[in-house]
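**Q** After the structure tokens below, expect a handful of questions from me.
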Amino acid sequence: MHHRINLHNHTTFSDGRYTVPEIIAEAARAGLDGVGISDHFYTRKVFRRLEPGAWLSTAWPAYLAEADRWRAAGSEKMKIWFGIELDSCLDRVEMTLDELPWAGINRLDYLLIEYVGENEVGGMSVEALSGLRGHCRIPVIIVHPDIDLLEDSLRLGPLCDMVRRFGYGLEMPGGSRNPWFWARRDVRVLRDLHLTIGTDTHERLGDVGEIGTCLSFLERNGLLDRLADPDRLAEDIR
């Protein structure tokens, strides 16, 4: 089992500043056991000058080919995974769940999904998460959830219930981009969930290795055994 992992890093394939080799090199320098590349799937908030059809015929096959190359090469010192991050506001994706290219998505190691339950930004409803399992054959991870927003609107409980029911993962946010909500929360809600670490790396390379707050929190609260990587999550897909 890998503990020093970061599964949420963007590259020049979407809106990250650094290339795949630069992210992987930084992960090795930071002493990570495993690193995940998880660029954005098509969404208007990122690919403003590209139509979805053009993206699907150019950037998407190039990304899948890059994933195949790195995973085939492997690494003796560090595990490398490739995922993709899906904007759960499907209006911005300009595709329905049925229209997404699942054959390609399911070739990857995991799927990140953002804004679930966050109606204020157009995110998918918590209930709609169940529809993923009809298509998705790889681990699903709910990323950078806005805990304050979800708790205020009473959607945090149902979100955790859905994560638990389907064996999804819930991201603990590291790095500099996302607030750390959990210091003032009752952590008992996390006790039987699969947890992952992700820093949402974009423009700051040092974010790749900034997982210390997450690891300290998990250890202090007896949650290290809940930390999951894509391989562990894949074993528990139902």
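Every chain in the structure tokens has a letter given in the order shown (A, B, ...), and although residue numbers restart at 1 in each chain, ligands are simply numbered from 1 in the order shown.
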List the neighbours of Thr43 (chain A) out to 9 Å using only C-alpha atoms; skip same-chain residues closer than 4 positions along the sequence, and give me the result as an MDAnalysis selection string.
**A** chainID A and resid 47:48 52 86:87 89:94
**Q** Just the helix (DSSP H, G or I) stuff from region 50-201 of chain A, please, per backbone DSSP, written as a ChimeraX atom specification.
**A** /A:52-57,59-73,90-93,102-105,119-121,127-134,147-152,156-166,182-184,187-190
**Q** Just want the 9 Å neighbourhood of region 74-77 of chain A, counted on only C-alpha atoms, with same-chain residues fewer than 3 positions away dropped. Output as an NGL selection string.
**A** :A and (28 or 33-34 or 69-71 or 80)
**Q** Do a neighbour search on region 178-187 of chain A at 8 Å with only C-alpha atoms, toss out local chain neighbours closer than 6 positions, and write the hits as a ChimeraX atom specification.
**A** /A:144,147-148,199-200,221
**Q** I need the strand (DSSP E or B) residues of region 16-226 of chain A per DSSP on the backbone, written as a short mmCIF file (atom, residue, chain, number, x, y, z; two decimals) with C-alpha atoms, in the first residue's frame.
**A**
data_model
loop_
_atom_site.label_atom_id
_atom_site.label_comp_id
_atom_site.auth_asym_id
_atom_site.auth_seq_id
_atom_site.Cartn_x
_atom_site.Cartn_y
_atom_site.Cartn_z
CA GLY A 34 3.10 7.15 -6.16
CA VAL A 35 1.83 9.97 -8.35
CA GLY A 36 -1.23 10.39 -10.53
CA ILE A 37 -1.62 12.53 -13.62
CA SER A 38 -5.25 13.63 -13.88
CA ASP A 39 -5.84 16.29 -16.49
CA HIS A 40 -9.22 17.81 -17.23
CA LYS A 79 4.09 4.02 -9.01
CA ILE A 80 2.60 6.12 -11.82
CA TRP A 81 -1.14 6.25 -12.50
CA PHE A 82 -3.15 8.16 -15.09
CA GLY A 83 -6.68 9.40 -14.53
CA ILE A 84 -8.94 12.12 -15.86
CA GLU A 85 -10.96 14.84 -14.08
CA LEU A 86 -14.58 15.25 -15.12
CA ASP A 87 -16.51 18.47 -14.49
CA TYR A 110 -9.26 6.32 -12.17
CA LEU A 111 -11.82 9.06 -12.69
CA LEU A 112 -11.86 12.26 -10.63
CA ILE A 113 -15.17 14.11 -10.52
CA GLU A 114 -15.54 17.68 -9.26
CA VAL A 140 -14.20 7.10 -9.00
CA ILE A 141 -12.89 9.79 -6.63
CA ILE A 142 -14.86 12.85 -5.48
CA VAL A 143 -12.37 15.73 -5.47
CA GLY A 169 -12.93 7.60 -2.94
CA LEU A 170 -13.11 11.00 -1.22
CA GLU A 171 -10.17 13.35 -1.72
CA MET A 172 -8.30 15.00 1.15
CA PRO A 173 -7.00 18.27 -0.38
CA HIS A 194 -11.91 5.29 1.10
CA LEU A 195 -9.74 8.43 1.27
CA THR A 196 -7.23 9.73 -1.26
CA ILE A 197 -4.81 12.66 -1.34
CA GLY A 198 -4.72 15.24 -4.13
CA THR A 201 -1.45 20.94 -8.96
#
**Q** Go through A:Gly175, A:Gly134, A:Leu227, A:Cys160 one by one, measure the shortest atom-to-atom distance of each to Arg204 (chain A) using only C-alpha atoms, and give the residue with the smallest value.
**A**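 Looking at the shortest contact to Arg204 (chain A), the residue is A:Gly175.
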**Q** Looking at A:Ala72, A:Leu132, A:Val116, A:Val20, which one is nearest to Asp98 (chain A), with distances taken over only C-alpha atoms?
**A**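 Ranking A:Ala72, A:Leu132, A:Val116, A:Val20 by distance to Asp98 (chain A), first place goes to A:Leu132.
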**Q** Do you have the CA of Leu159 (chain A)-CA of Cys136 (chain A) distance handy?
**A**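 According to the coordinates, CA of Leu159 (chain A) and CA of Cys136 (chain A) are separated by 18.2 Å.
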**Q** If you count only C-alpha atoms, which residues fall within 12 Å of Asp152 (chain A), apart from same-chain ones fewer than 6 positions away, as a PyMOL selection string?
**A** chain A and resi 117-118+146
**Q** Keeping only all heavy atoms, write the selected residues as a CSV table (one decimal), in the first residue's frame.
**A**
chain,number,residue,atom,x,y,z
A,117,GLY,N,-22.7,17.7,-5.9
A,117,GLY,CA,-23.5,18.2,-4.8
A,117,GLY,C,-23.4,19.7,-4.6
A,117,GLY,O,-24.1,20.3,-3.8
A,118,GLU,N,-22.6,20.4,-5.4
A,118,GLU,CA,-22.4,21.8,-5.3
A,118,GLU,C,-23.3,22.5,-6.4
A,118,GLU,O,-22.9,23.0,-7.5
A,118,GLU,CB,-21.0,22.2,-5.5
A,118,GLU,CG,-20.1,21.6,-4.4
A,118,GLU,CD,-18.6,21.9,-4.6
A,118,GLU,OE1,-18.2,22.9,-5.1
A,118,GLU,OE2,-17.8,21.0,-4.1
A,146,ASP,N,-16.3,21.1,-1.4
A,146,ASP,CA,-16.5,22.3,-0.6
A,146,ASP,C,-17.3,21.9,0.7
A,146,ASP,O,-18.5,22.0,0.7
A,146,ASP,CB,-17.2,23.4,-1.4
A,146,ASP,CG,-17.2,24.7,-0.6
A,146,ASP,OD1,-17.2,24.7,0.6
A,146,ASP,OD2,-17.2,25.8,-1.3
**Q** Quick one: pull the distance between CA of Arg191 (chain A) and CA of Ser88 (chain A), Å, one decimal.
**A**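 Taking CA of Arg191 (chain A) and CA of Ser88 (chain A), their separation equals 25.5 Å.
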